[in-house]
Amino acid sequence: MPIARHATALPILALMFNALVWGTSWWPFRQIEARGLHPLWTTLFVYALSVLLIVAWRPASFMQLVRTPTLWVLMLAAGTTNAAFNWGVVIGDVVRVVLLFYLMPLWAVLLARVLLHEALTPAAAARAALALAGAAVVLWPEGSRAGWPLPRSLPDWLGVLGGFSFALNNVMLRRESHRPEAGRALAMFMGGAVVAGVLGALLARSGEIAWPAGLNSSLAPWALSLALLFLLGNLALQYGAARLRSSVTAVVMLTEVLFASASALALGGGTLTAQLLLGGAMILLAAVLSAFEPAP
């Protein structure tokens, strides 16, 4: 039992580190956006730097990616996740976007059932329900009886899309856990660069956003720091998601809601309400309960 708990605790800690990176990344992205660079271009630059580092570190990873079509699905899922999330938290309310993003447990349970043939256990269903209930409490409009709010703006839709693609990302990590780690890492970072670059180019061509002017001396340190943090965070995600059931990964990653909420409050990006306290406590409880899941 002590060995099993230890084997489960380390992947959970790795996932929580990734959640910390993502939950606080909105602030540097906003700082860069305030200096004139759209978050899609920032995502492209950050992940392109990471791709270069991975290829230099593990040159064989490039051919692993080229020769493995299933890793292309991981690449698309990871790229869509990053583009949607990074864009959404810059232009929308941080807590709201993150909460919509973390409808992810629902998508993860469904995708794991289809792609991994995982059984939906009562414990997994209960944790997902508790986490979603906590998100509903935080997201419920004050003074409204309209029920669960539907996406009504671009940031809302980006949050939902990012959550679905993140669930697919985690399920594919579990499914492809037998692949070399460098190949999986390259797929995720290549996706971040490719999807953000293609989407940014399409929007810039239509005049929706400005073309990037390049990285000047004031932006380069931000981009380099983000590249390092996302590299470490995504490697931690790979380590954790490849060793835990998808349902457990989905719930543990909900701690990002707490990190995002706390950072938004500390940096003036939100206000503390009873709804936030109650909903956050429910989400945290669901994440803590996942630690009792036996290691696979």
# chains A, B, ... in the order shown; residues from 1 in each chain; ligands from 1
>>> residues_around(residues="Thr43 (chain A)", least_positions_apart="2", cutoff="9 Å", atoms="only C-alpha atoms", output="mmCIF file with C-alpha atoms, in the first residue's frame")
data_model
loop_
_atom_site.group_PDB
_atom_site.id
_atom_site.type_symbol
_atom_site.label_atom_id
_atom_site.label_comp_id
_atom_site.auth_asym_id
_atom_site.auth_seq_id
_atom_site.Cartn_x
_atom_site.Cartn_y
_atom_site.Cartn_z
ATOM 1 C CA PHE A 29 0.322 36.569 -21.685
ATOM 2 C CA HIS A 38 -1.452 38.930 -29.875
ATOM 3 C CA PRO A 39 -1.583 35.783 -27.680
ATOM 4 C CA LEU A 40 -1.680 33.548 -30.761
ATOM 5 C CA TRP A 41 1.672 34.926 -31.908
ATOM 6 C CA PHE A 45 6.941 31.929 -30.541
ATOM 7 C CA VAL A 46 6.922 30.176 -27.151
ATOM 8 C CA TYR A 47 6.219 26.743 -28.587
ATOM 9 C CA ALA A 48 8.555 27.179 -31.552
ATOM 10 C CA ASN A 82 -3.022 25.979 -26.135
ATOM 11 C CA ALA A 83 -4.350 28.321 -28.807
ATOM 12 C CA ASN A 86 -4.093 31.306 -24.156
ATOM 13 C CA TRP A 87 -6.336 33.450 -26.321
ATOM 14 C CA GLY A 192 1.174 24.508 -30.047
ATOM 15 C CA ALA A 193 3.277 26.240 -32.691
ATOM 16 C CA ALA A 196 -1.477 28.965 -33.233
ATOM 17 C CA GLY A 197 0.549 29.930 -36.305
ATOM 18 C CA ALA A 223 8.863 34.652 -24.330
ATOM 19 C CA ALA A 227 8.909 28.734 -23.140
#
>>> select_by_dssp(residues="region 5-239 of chain A", states="helix (DSSP H, G or I)", output="JSON, numbers by chain")
{"A": [5, 6, 7, 8, 9, 10, 11, 12, 13, 14, 15, 16, 17, 18, 19, 20, 21, 22, 23, 24, 26, 27, 28, 29, 30, 31, 32, 33, 34, 39, 40, 41, 42, 43, 44, 45, 46, 47, 48, 49, 50, 51, 52, 53, 54, 55, 56, 57, 60, 61, 62, 63, 64, 65, 66, 69, 70, 71, 72, 73, 74, 75, 76, 77, 78, 79, 80, 81, 82, 83, 84, 85, 86, 87, 88, 89, 90, 91, 94, 95, 96, 97, 98, 99, 100, 101, 104, 105, 106, 107, 108, 109, 110, 111, 112, 113, 114, 115, 116, 122, 123, 124, 125, 126, 127, 128, 129, 130, 131, 132, 133, 134, 135, 136, 137, 138, 139, 154, 155, 156, 157, 158, 159, 160, 161, 162, 163, 164, 165, 166, 167, 168, 169, 170, 171, 172, 173, 174, 175, 181, 182, 183, 184, 185, 186, 187, 188, 189, 190, 191, 192, 193, 194, 195, 196, 197, 198, 199, 200, 201, 202, 203, 204, 205, 220, 221, 222, 223, 224, 225, 226, 227, 228, 229, 230, 231, 232, 233, 234, 235, 236, 237, 238, 239]}
>>> residues_around(residues="Ser153 (chain A)", least_positions_apart="3", cutoff="12 Å", atoms="only C-alpha atoms", output="MDAnalysis selection string")
chainID A and resid 88 91:93 96:97 100 149:150 156:160
>>> residues_around(residues="Thr24 (chain A)", least_positions_apart="4", cutoff="12 Å", atoms="only C-alpha atoms", output="CSV table (one decimal) with C-alpha atoms, in the first residue's frame")
chain,number,residue,atom,x,y,z
A,17,PHE,CA,2.7,21.6,-11.2
A,18,ASN,CA,1.3,21.7,-14.8
A,19,ALA,CA,-1.9,23.2,-13.4
A,20,LEU,CA,0.1,25.9,-11.6
A,28,PRO,CA,2.5,37.1,-18.6
A,29,PHE,CA,0.3,36.6,-21.7
A,30,ARG,CA,-1.6,39.7,-20.8
A,85,PHE,CA,-6.8,28.7,-23.7
A,86,ASN,CA,-4.1,31.3,-24.2
A,89,VAL,CA,-7.7,34.1,-20.8
A,90,VAL,CA,-6.2,37.2,-22.4
A,94,VAL,CA,-9.9,34.5,-16.3
A,95,VAL,CA,-12.0,32.6,-13.8
A,98,VAL,CA,-10.8,28.5,-16.8
A,226,LEU,CA,7.2,31.2,-20.8
A,229,LEU,CA,7.8,27.1,-17.9
A,230,PHE,CA,5.6,25.5,-20.6
A,233,GLY,CA,4.8,22.0,-17.3
A,255,THR,CA,-6.7,22.5,-9.3
A,256,GLU,CA,-5.8,24.9,-12.1
A,257,VAL,CA,-9.1,26.6,-11.3
A,258,LEU,CA,-7.8,27.4,-7.8
A,259,PHE,CA,-4.4,28.6,-9.1
A,260,ALA,CA,-6.1,30.8,-11.7
A,261,SER,CA,-8.6,32.2,-9.2
A,262,ALA,CA,-6.0,33.0,-6.6
A,263,SER,CA,-3.6,34.6,-9.0
A,264,ALA,CA,-6.5,36.7,-10.5
A,265,LEU,CA,-7.4,37.9,-7.0
A,266,ALA,CA,-3.9,38.6,-6.0
A,267,LEU,CA,-3.1,40.6,-9.2
A,269,GLY,CA,-8.0,40.2,-12.0
>>> closest_atom_pairs(of="region 101-181 of chain A", to="region 72-78 of chain A", cutoff="8 Å", atoms="only C-alpha atoms", output="JSON lines")
{"residue": "A:Ser165", "atom": "CA", "partner": "A:Ala77", "partner_atom": "CA", "distance": 5.0}
{"residue": "A:Phe166", "atom": "CA", "partner": "A:Ala77", "partner_atom": "CA", "distance": 6.5}
{"residue": "A:Leu168", "atom": "CA", "partner": "A:Ala77", "partner_atom": "CA", "distance": 6.1}
{"residue": "A:Asn169", "atom": "CA", "partner": "A:Ala77", "partner_atom": "CA", "distance": 5.2}
{"residue": "A:Met172", "atom": "CA", "partner": "A:Leu74", "partner_atom": "CA", "distance": 6.0}
{"residue": "A:Leu173", "atom": "CA", "partner": "A:Leu74", "partner_atom": "CA", "distance": 7.3}
>>> residues_around(residues="region 218-220 of chain A", least_positions_apart="2", cutoff="10 Å", atoms="only C-alpha atoms", output="number ranges by chain")
A: 31-33, 35-37, 42, 45-46, 214-216, 222-226
>>> residues_around(residues="His178 (chain A)", least_positions_apart="2", cutoff="12 Å", atoms="only C-alpha atoms", output="list in words")
Leu71, Met172, Leu173, Arg174, Arg175, Glu176, Pro180, Glu181, Ala182, Gly183, Arg184, Gln238, Tyr239, Ala242 and Arg243 of chain A
>>> closest_residue(among="A:Leu15, A:Met282, A:Leu254, A:Leu116", to="Ser177 (chain A)", atoms="only C-alpha atoms")
A:Leu116
